[in-house]
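Chemist: Got protein-v5.cif for you, mmCIF, C-alpha atoms:
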```
data_input
#
loop_
_atom_site.label_atom_id
_atom_site.label_comp_id
_atom_site.auth_asym_id
_atom_site.auth_seq_id
_atom_site.Cartn_x
_atom_site.Cartn_y
_atom_site.Cartn_z
CA MET A 1 21.65 19.76 27.85
CA LEU A 2 19.44 16.91 29.10
CA THR A 3 16.42 19.19 29.55
CA GLY A 4 16.90 20.49 26.00
CA VAL A 5 16.90 16.92 24.63
CA LEU A 6 13.83 16.03 26.72
CA ALA A 7 12.02 19.18 25.57
CA LEU A 8 12.85 18.35 21.94
CA MET A 9 11.58 14.77 22.37
CA LEU A 10 8.40 16.03 24.03
CA LEU A 11 7.85 18.52 21.18
CA LEU A 12 8.37 15.74 18.62
CA ILE A 13 5.86 13.50 20.41
CA VAL A 14 3.31 16.33 20.54
CA LEU A 15 3.76 16.99 16.81
CA LEU A 16 3.34 13.27 16.03
CA VAL A 17 0.10 13.12 18.04
CA ILE A 18 -1.57 15.82 15.89
CA PRO A 19 -3.80 14.02 13.35
CA VAL A 20 -3.03 13.96 9.63
CA VAL A 21 -5.91 13.86 7.12
CA LEU A 22 -5.34 12.25 3.73
CA ARG A 23 -7.85 13.17 1.01
CA PHE A 24 -7.30 11.08 -2.09
CA GLN A 25 -8.61 10.09 -5.50
CA VAL A 26 -6.28 7.53 -7.11
CA CYS A 27 -6.53 5.74 -10.44
CA TRP A 28 -3.49 3.54 -11.14
CA PRO A 29 -1.75 2.89 -13.52
CA GLN A 30 -3.69 5.36 -15.73
CA GLY A 31 -3.28 8.25 -13.29
CA VAL A 32 -5.74 10.55 -15.08
CA GLU A 33 -7.87 11.40 -12.04
CA ASN A 34 -5.15 11.34 -9.35
CA ASP A 35 -5.56 13.97 -6.64
CA THR A 36 -3.95 13.43 -3.24
CA ARG A 37 -3.76 16.01 -0.45
CA LEU A 38 -2.42 15.92 3.08
CA GLU A 39 -3.74 18.20 5.82
CA TRP A 40 -2.05 18.57 9.19
CA ALA A 41 -2.62 20.65 12.32
CA PHE A 42 -6.38 20.75 11.72
CA GLY A 43 -6.04 22.27 8.24
CA LEU A 44 -3.33 24.85 8.96
CA VAL A 45 -0.83 22.94 6.80
CA ARG A 46 -2.05 21.66 3.42
CA VAL A 47 0.12 19.83 0.90
CA ARG A 48 -0.87 18.53 -2.50
CA ILE A 49 0.99 15.37 -3.48
CA SER A 50 1.68 15.12 -7.18
CA SER A 51 2.48 11.91 -9.00
CA SER A 52 6.10 11.35 -10.03
CA LYS A 53 5.15 10.76 -13.66
CA SER A 54 4.72 13.78 -15.88
CA ASP A 55 1.17 14.38 -17.01
CA ALA A 56 2.39 15.45 -20.43
CA VAL A 57 1.53 13.18 -23.34
CA THR A 58 4.60 11.59 -24.95
CA SER A 59 4.88 10.88 -28.64
CA PRO A 60 4.71 7.27 -29.92
CA ASP A 61 8.35 7.48 -31.16
CA LYS A 62 9.55 8.53 -27.71
CA LYS A 63 7.59 5.69 -26.08
CA GLN A 64 9.20 3.15 -28.45
CA LYS A 65 12.68 4.49 -27.62
CA GLU A 66 11.94 4.27 -23.88
CA VAL A 67 10.79 0.65 -24.26
CA ALA A 68 13.88 -0.22 -26.33
CA HIS A 69 16.28 1.28 -23.77
CA ARG A 70 14.72 -0.27 -20.67
CA PRO A 71 17.11 -2.64 -18.93
CA LYS A 72 16.01 -6.26 -19.04
CA ARG A 73 15.24 -7.70 -15.62
CA SER A 74 17.55 -10.43 -14.47
CA ILE A 75 15.92 -13.77 -13.79
CA HIS A 76 18.10 -14.16 -10.70
CA LYS A 77 16.73 -10.97 -9.11
CA LYS A 78 13.13 -12.10 -9.39
CA ARG A 79 11.48 -12.34 -6.00
CA ASN A 80 9.05 -15.08 -5.18
CA VAL A 81 6.28 -13.23 -3.34
CA LEU A 82 4.11 -16.35 -3.22
CA ALA A 83 6.80 -18.18 -1.20
CA ALA A 84 6.42 -15.60 1.58
CA VAL A 85 2.62 -15.52 1.34
CA ARG A 86 2.47 -19.33 1.62
CA GLN A 87 3.97 -19.14 5.11
CA LYS A 88 1.16 -19.16 7.65
CA PRO A 89 2.95 -17.03 10.33
CA PHE A 90 3.79 -14.39 7.67
CA ARG A 91 0.16 -14.24 6.49
CA ARG A 92 -1.19 -14.07 10.04
CA ARG A 93 1.17 -11.21 10.93
CA ILE A 94 0.30 -9.25 7.77
CA PHE A 95 -3.44 -9.75 8.41
CA ARG A 96 -3.02 -8.70 12.04
CA PHE A 97 -1.07 -5.58 11.01
CA THR A 98 -3.70 -4.72 8.39
CA GLY A 99 -6.47 -5.06 10.99
CA GLU A 100 -4.59 -2.92 13.51
CA VAL A 101 -4.01 -0.15 10.95
CA TRP A 102 -7.64 -0.39 9.79
CA ARG A 103 -8.89 0.14 13.34
CA ALA A 104 -6.34 2.92 13.99
CA VAL A 105 -7.47 5.18 11.13
CA GLN A 106 -10.80 6.97 10.84
CA LYS A 107 -12.40 6.55 7.43
CA ASP A 108 -14.87 8.74 5.55
CA ASP A 109 -16.34 7.69 2.17
CA VAL A 110 -13.48 5.27 1.40
CA ARG A 111 -13.81 3.30 -1.84
CA LEU A 112 -11.36 0.73 -3.22
CA ARG A 113 -11.54 -1.37 -6.37
CA LEU A 114 -8.56 -3.62 -7.16
CA ARG A 115 -8.05 -6.05 -10.06
CA VAL A 116 -5.08 -8.42 -9.79
CA GLY A 117 -3.69 -10.89 -12.32
CA LEU A 118 -0.31 -12.61 -12.62
CA GLY A 119 -0.59 -13.55 -16.31
CA ASP A 120 -0.68 -17.27 -15.57
CA PRO A 121 -4.09 -18.70 -14.58
CA ALA A 122 -2.47 -21.23 -12.22
CA GLU A 123 -0.41 -18.63 -10.34
CA THR A 124 -3.38 -16.24 -10.22
CA GLY A 125 -5.48 -19.09 -8.83
CA GLN A 126 -2.89 -19.76 -6.10
CA LEU A 127 -2.83 -16.07 -5.23
CA TRP A 128 -6.63 -15.88 -5.28
CA ALA A 129 -6.83 -18.89 -2.93
CA ILE A 130 -5.19 -16.64 -0.35
CA ILE A 131 -6.67 -13.25 -1.31
CA GLY A 132 -10.18 -14.50 -2.20
CA PRO A 133 -11.37 -15.18 1.36
CA VAL A 134 -9.96 -11.83 2.46
CA ALA A 135 -11.73 -10.12 -0.45
CA GLY A 136 -14.99 -11.75 0.64
CA MET A 137 -14.55 -10.47 4.20
CA LEU A 138 -13.56 -6.98 3.01
CA SER A 139 -16.61 -6.71 0.77
CA ASN A 140 -18.76 -6.87 3.93
CA VAL A 141 -16.93 -4.04 5.72
CA GLN A 142 -19.39 -1.28 6.56
CA GLU A 143 -16.85 1.55 6.94
CA ALA A 144 -15.73 1.36 3.28
CA SER A 145 -16.68 0.00 -0.11
CA ILE A 146 -14.01 -2.57 -1.07
CA SER A 147 -13.93 -4.79 -4.14
CA ILE A 148 -11.01 -7.09 -5.08
CA GLU A 149 -11.28 -9.12 -8.29
CA PRO A 150 -8.94 -11.62 -10.00
CA ASP A 151 -7.94 -11.42 -13.66
CA PHE A 152 -6.97 -14.93 -14.78
CA LEU A 153 -5.99 -13.98 -18.34
CA ASP A 154 -3.66 -10.97 -18.16
CA THR A 155 -0.93 -9.57 -15.95
CA THR A 156 -2.95 -6.86 -14.25
CA LEU A 157 -2.73 -4.50 -11.33
CA ASP A 158 -5.53 -1.96 -11.64
CA LEU A 159 -6.41 0.25 -8.67
CA ARG A 160 -9.21 2.80 -8.30
CA SER A 161 -9.66 4.35 -4.91
CA GLY A 162 -10.82 7.48 -3.12
CA GLY A 163 -11.94 8.90 0.21
CA ASN A 164 -10.73 10.66 3.36
CA ILE A 165 -8.56 9.04 6.04
CA ARG A 166 -7.62 10.58 9.39
CA MET A 167 -4.66 9.09 11.25
CA ILE A 168 -2.33 9.80 14.16
CA PRO A 169 1.31 9.45 12.98
CA LEU A 170 2.67 8.24 16.34
CA GLN A 171 0.19 5.36 16.41
CA LEU A 172 1.12 4.28 12.86
CA ILE A 173 4.85 4.46 13.69
CA TYR A 174 4.24 2.20 16.68
CA LEU A 175 2.27 -0.35 14.60
CA THR A 176 4.84 -0.34 11.75
CA GLY A 177 7.70 -0.79 14.22
CA GLY A 178 5.92 -3.83 15.66
CA LEU A 179 5.55 -5.27 12.15
CA LEU A 180 9.20 -4.70 11.25
CA LEU A 181 10.41 -6.30 14.48
CA SER A 182 8.30 -9.42 13.93
CA PRO A 183 10.35 -12.60 13.31
CA SER A 184 7.63 -14.02 11.03
CA ILE A 185 8.00 -11.02 8.68
CA TRP A 186 11.77 -11.46 8.43
CA SER A 187 11.32 -15.19 7.83
CA GLY A 188 8.91 -14.41 4.97
CA ILE A 189 11.29 -11.85 3.44
CA LYS A 190 14.14 -14.36 3.62
CA GLU A 191 11.95 -16.96 1.89
CA MET A 192 10.88 -14.42 -0.75
CA ASN A 193 14.52 -13.58 -1.62
CA ARG A 194 15.57 -17.21 -1.82
CA VAL A 195 16.15 -18.23 -5.45
#
```
Turn the structure described in the file into structure tokens.
Modeler:
Amino acid sequence: MLTGVLALMLLLIVLLVIPVVLRFQVCWPQGVENDTRLEWAFGLVRVRISSSKSDAVTSPDKKQKEVAHRPKRSIHKKRNVLAAVRQKPFRRRIFRFTGEVWRAVQKDDVRLRLRVGLGDPAETGQLWAIIGPVAGMLSNVQEASISIEPDFLDTTLDLRSGGNIRMIPLQLIYLTGGLLLSPSIWSGIKEMNRV
């Protein structure tokens, strides 16, 4: 019984050490050019990941009905993301995790363009005070082409990205587990949920 469990654990570890390659072309929220594929076991297993939204064009009447029937968001359930980001230990841990993941994956022709706006120039300015220096550092990264821009007028989240990323699942599980067990992350989540 014990040898069977050990053999199963060893097999699971061996499977998690085999690299996974992610080939992607993402345009969000438009989604016109989205193409994401996962390859595992050196190309023996290939999976195409489709977006959850249907690519079919909906009629204007149907869109109006969908907008009319959407549930209104409760003000009390709104999360204050900036409250968590304002905490220095939370930011440091997120930046450290991002750096660890960045070093753990191998990148080939990775491009990222992100436009972010909160709809209020003051809130966007507060967010940009935190993201701006990071965007400046990321624009100098040689392994990828990264551009992050603020939009002070509109509520915007526009993402265009593409490239090939090779990663080892066991290494990413280890890094994510370290992030989730971090007290500074839980402190930031508690602050974010506070009304």
Chemist: CA of Ser187 (chain A) to CA of Met137 (chain A): how many Å, to one decimal?
Modeler: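 Going from CA of Ser187 (chain A) over to CA of Met137 (chain A), I get 26.5 Å.
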Chemist: Taking all atoms listed in the file into account, name the residue in A:Val47, A:Val5, A:Met192, A:Val110 that is nearest to Ile146 (chain A).
Modeler: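 Checking each of A:Val47, A:Val5, A:Met192, A:Val110 against Ile146 (chain A), counting all atoms listed in the file, the winner is A:Val110.
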Chemist: Determine the residue set returned by the PyMOL selection byres ((chain A and resi 21) around 8) for the present structure, and present it as a ChimeraX atom specification.
Modeler: /A:19-20,22-23,38-40,164-167
Chemist: Do you have the CA of Trp102 (chain A)-CA of Pro169 (chain A) distance handy?
Modeler: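 Calculated distance between CA of Trp102 (chain A) and CA of Pro169 (chain A) is 13.7 Å.
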Chemist: Go ahead and compute the interatomic distance for CA of Ser182 (chain A) and CA of Met9 (chain A), in Å to one decimal.
Modeler: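 It comes out at 25.8 Å.
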Chemist: Can you tell me, as a ChimeraX atom specification, what residues are no more than 10 Å from Ile94 (chain A) when counting only C-alpha atoms, ignoring any on the same chain fewer than 4 positions away?
Modeler: /A:85,88-90,98-100,179,184-185
Chemist: Save the residues we just selected, C-alpha atoms, as a PDB file, keeping the file's coordinate frame?
Modeler:
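The resulting result09.pdb:
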```
ATOM      1  CA  VAL A  85       2.620 -15.520   1.340  1.00  0.00           C
ATOM      2  CA  LYS A  88       1.160 -19.160   7.650  1.00  0.00           C
ATOM      3  CA  PRO A  89       2.950 -17.030  10.330  1.00  0.00           C
ATOM      4  CA  PHE A  90       3.790 -14.390   7.670  1.00  0.00           C
ATOM      5  CA  THR A  98      -3.700  -4.720   8.390  1.00  0.00           C
ATOM      6  CA  GLY A  99      -6.470  -5.060  10.990  1.00  0.00           C
ATOM      7  CA  GLU A 100      -4.590  -2.920  13.510  1.00  0.00           C
ATOM      8  CA  LEU A 179       5.550  -5.270  12.150  1.00  0.00           C
ATOM      9  CA  SER A 184       7.630 -14.020  11.030  1.00  0.00           C
ATOM     10  CA  ILE A 185       8.000 -11.020   8.680  1.00  0.00           C
TER      11      ILE A 185
END
```
Chemist: Compare A:Ser161, A:Thr176, A:Gln25, A:Gln142 by their minimum atom-to-atom distance to Arg93 (chain A), counting only C-alpha atoms, and give me the closest one.
Modeler: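 The answer is A:Thr176, which sits nearest to Arg93 (chain A).
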Chemist: Using all atoms listed in the file, can you tell me which of A:Pro121, A:Phe24, A:Val81, A:Phe97 comes closest to Leu180 (chain A)?
Modeler: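 Using all atoms listed in the file, the shortest distance to Leu180 (chain A) belongs to A:Phe97.
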Chemist: Hey, which of A:Leu16, A:Leu170, A:Ile148, A:Ala7 ends up closest to Ala104 (chain A)? Count all atoms listed in the file.
Modeler: A:Leu170
Chemist: Nearest to Ala129 (chain A): which of A:Leu112, A:Leu82, A:Val141, A:Leu175 is it, counting all atoms listed in the file?
Modeler: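 That would be A:Leu82, the residue with the smallest distance to Ala129 (chain A).
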Chemist: Identify which of the residues A:Trp28, A:Ile131, A:Lys107, A:Asp154 lies closest to Arg91 (chain A), counting all atoms listed in the file when measuring atom-to-atom distances.
Modeler: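 The answer is A:Ile131, which sits nearest to Arg91 (chain A).
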Chemist: What lies within 12 Å of Pro29 (chain A) using all atoms listed in the file, ignoring chain neighbours under 5 positions off, as number ranges by chain?
Modeler: A: 34, 51, 53, 114-115, 156-161
Chemist: Save region 104-117 of chain A to disk from that block, all heavy atoms included, as a compact mmCIF listing (two decimals), in the first residue's frame.
Modeler:
```txt
# COMPACT_ATOMS: atom_id res chain seq x y z
N ALA A 104 11.50 32.17 -13.61
CA ALA A 104 11.25 30.74 -13.70
C ALA A 104 10.81 30.30 -15.10
O ALA A 104 11.04 29.15 -15.48
CB ALA A 104 10.18 30.32 -12.69
N VAL A 105 10.20 31.20 -15.87
CA VAL A 105 9.72 30.81 -17.20
C VAL A 105 10.70 31.27 -18.28
O VAL A 105 11.37 32.27 -18.13
CB VAL A 105 8.31 31.39 -17.48
CG1 VAL A 105 7.30 30.89 -16.50
CG2 VAL A 105 8.30 32.90 -17.50
N GLN A 106 10.77 30.48 -19.35
CA GLN A 106 11.59 30.85 -20.50
C GLN A 106 10.68 31.51 -21.52
O GLN A 106 9.62 30.99 -21.84
CB GLN A 106 12.26 29.61 -21.10
CG GLN A 106 13.24 28.96 -20.17
CD GLN A 106 13.84 27.70 -20.78
OE1 GLN A 106 13.46 27.26 -21.84
NE2 GLN A 106 14.81 27.13 -20.08
N LYS A 107 11.12 32.65 -22.02
CA LYS A 107 10.29 33.46 -22.90
C LYS A 107 10.88 33.53 -24.31
O LYS A 107 12.08 33.59 -24.47
CB LYS A 107 10.17 34.88 -22.33
CG LYS A 107 9.52 34.90 -20.95
CD LYS A 107 9.98 36.04 -20.09
CE LYS A 107 11.30 35.91 -19.46
NZ LYS A 107 11.55 34.94 -18.44
N ASP A 108 9.99 33.51 -25.30
CA ASP A 108 10.40 33.63 -26.70
C ASP A 108 9.43 34.57 -27.41
O ASP A 108 8.23 34.26 -27.51
CB ASP A 108 10.41 32.25 -27.36
CG ASP A 108 10.85 32.31 -28.81
OD1 ASP A 108 11.69 33.18 -29.14
OD2 ASP A 108 10.35 31.50 -29.61
N ASP A 109 9.91 35.71 -27.87
CA ASP A 109 9.11 36.68 -28.62
C ASP A 109 7.84 37.11 -27.86
O ASP A 109 6.75 37.13 -28.40
CB ASP A 109 8.75 36.10 -30.00
CG ASP A 109 8.16 37.17 -30.92
OD1 ASP A 109 8.56 38.34 -30.79
OD2 ASP A 109 7.30 36.82 -31.74
N VAL A 110 8.01 37.44 -26.57
CA VAL A 110 6.86 37.85 -25.75
C VAL A 110 6.65 39.35 -25.90
O VAL A 110 7.57 40.15 -25.76
CB VAL A 110 7.10 37.48 -24.27
CG1 VAL A 110 5.98 38.03 -23.40
CG2 VAL A 110 7.20 35.98 -24.12
N ARG A 111 5.39 39.71 -26.22
CA ARG A 111 4.99 41.12 -26.35
C ARG A 111 3.77 41.35 -25.47
O ARG A 111 2.87 40.53 -25.43
CB ARG A 111 4.62 41.43 -27.80
CG ARG A 111 5.72 41.16 -28.80
CD ARG A 111 5.24 41.14 -30.24
NE ARG A 111 4.03 40.42 -30.54
CZ ARG A 111 3.93 39.10 -30.65
NH1 ARG A 111 4.98 38.34 -30.43
NH2 ARG A 111 2.79 38.51 -30.96
N LEU A 112 3.75 42.50 -24.78
CA LEU A 112 2.62 42.86 -23.94
C LEU A 112 2.37 44.35 -24.01
O LEU A 112 3.29 45.15 -23.83
CB LEU A 112 2.88 42.46 -22.48
CG LEU A 112 1.85 42.94 -21.47
CD1 LEU A 112 0.72 41.93 -21.37
CD2 LEU A 112 2.47 43.14 -20.11
N ARG A 113 1.13 44.72 -24.32
CA ARG A 113 0.72 46.12 -24.31
C ARG A 113 -0.55 46.20 -23.48
O ARG A 113 -1.54 45.54 -23.78
CB ARG A 113 0.45 46.63 -25.72
CG ARG A 113 0.08 48.10 -25.73
CD ARG A 113 -0.10 48.63 -27.14
NE ARG A 113 -0.47 50.03 -27.10
CZ ARG A 113 -1.72 50.48 -27.07
NH1 ARG A 113 -2.72 49.63 -27.07
NH2 ARG A 113 -1.96 51.77 -27.04
N LEU A 114 -0.52 47.02 -22.41
CA LEU A 114 -1.64 47.12 -21.48
C LEU A 114 -1.99 48.58 -21.27
O LEU A 114 -1.12 49.40 -21.02
CB LEU A 114 -1.25 46.47 -20.15
CG LEU A 114 -2.28 46.49 -19.03
CD1 LEU A 114 -3.48 45.63 -19.39
CD2 LEU A 114 -1.64 45.98 -17.74
N ARG A 115 -3.28 48.91 -21.42
CA ARG A 115 -3.79 50.25 -21.11
C ARG A 115 -4.76 50.11 -19.96
O ARG A 115 -5.68 49.29 -20.01
CB ARG A 115 -4.50 50.87 -22.32
CG ARG A 115 -3.54 51.21 -23.43
CD ARG A 115 -4.22 51.96 -24.57
NE ARG A 115 -4.57 53.30 -24.14
CZ ARG A 115 -5.77 53.85 -24.30
NH1 ARG A 115 -6.73 53.20 -24.88
NH2 ARG A 115 -6.00 55.08 -23.90
N VAL A 116 -4.56 50.92 -18.89
CA VAL A 116 -5.37 50.83 -17.68
C VAL A 116 -5.93 52.19 -17.33
O VAL A 116 -5.19 53.18 -17.32
CB VAL A 116 -4.52 50.31 -16.50
CG1 VAL A 116 -5.35 50.22 -15.24
CG2 VAL A 116 -3.90 48.97 -16.82
N GLY A 117 -7.22 52.24 -17.03
CA GLY A 117 -7.86 53.47 -16.57
C GLY A 117 -9.00 53.14 -15.63
O GLY A 117 -9.72 52.18 -15.86
```
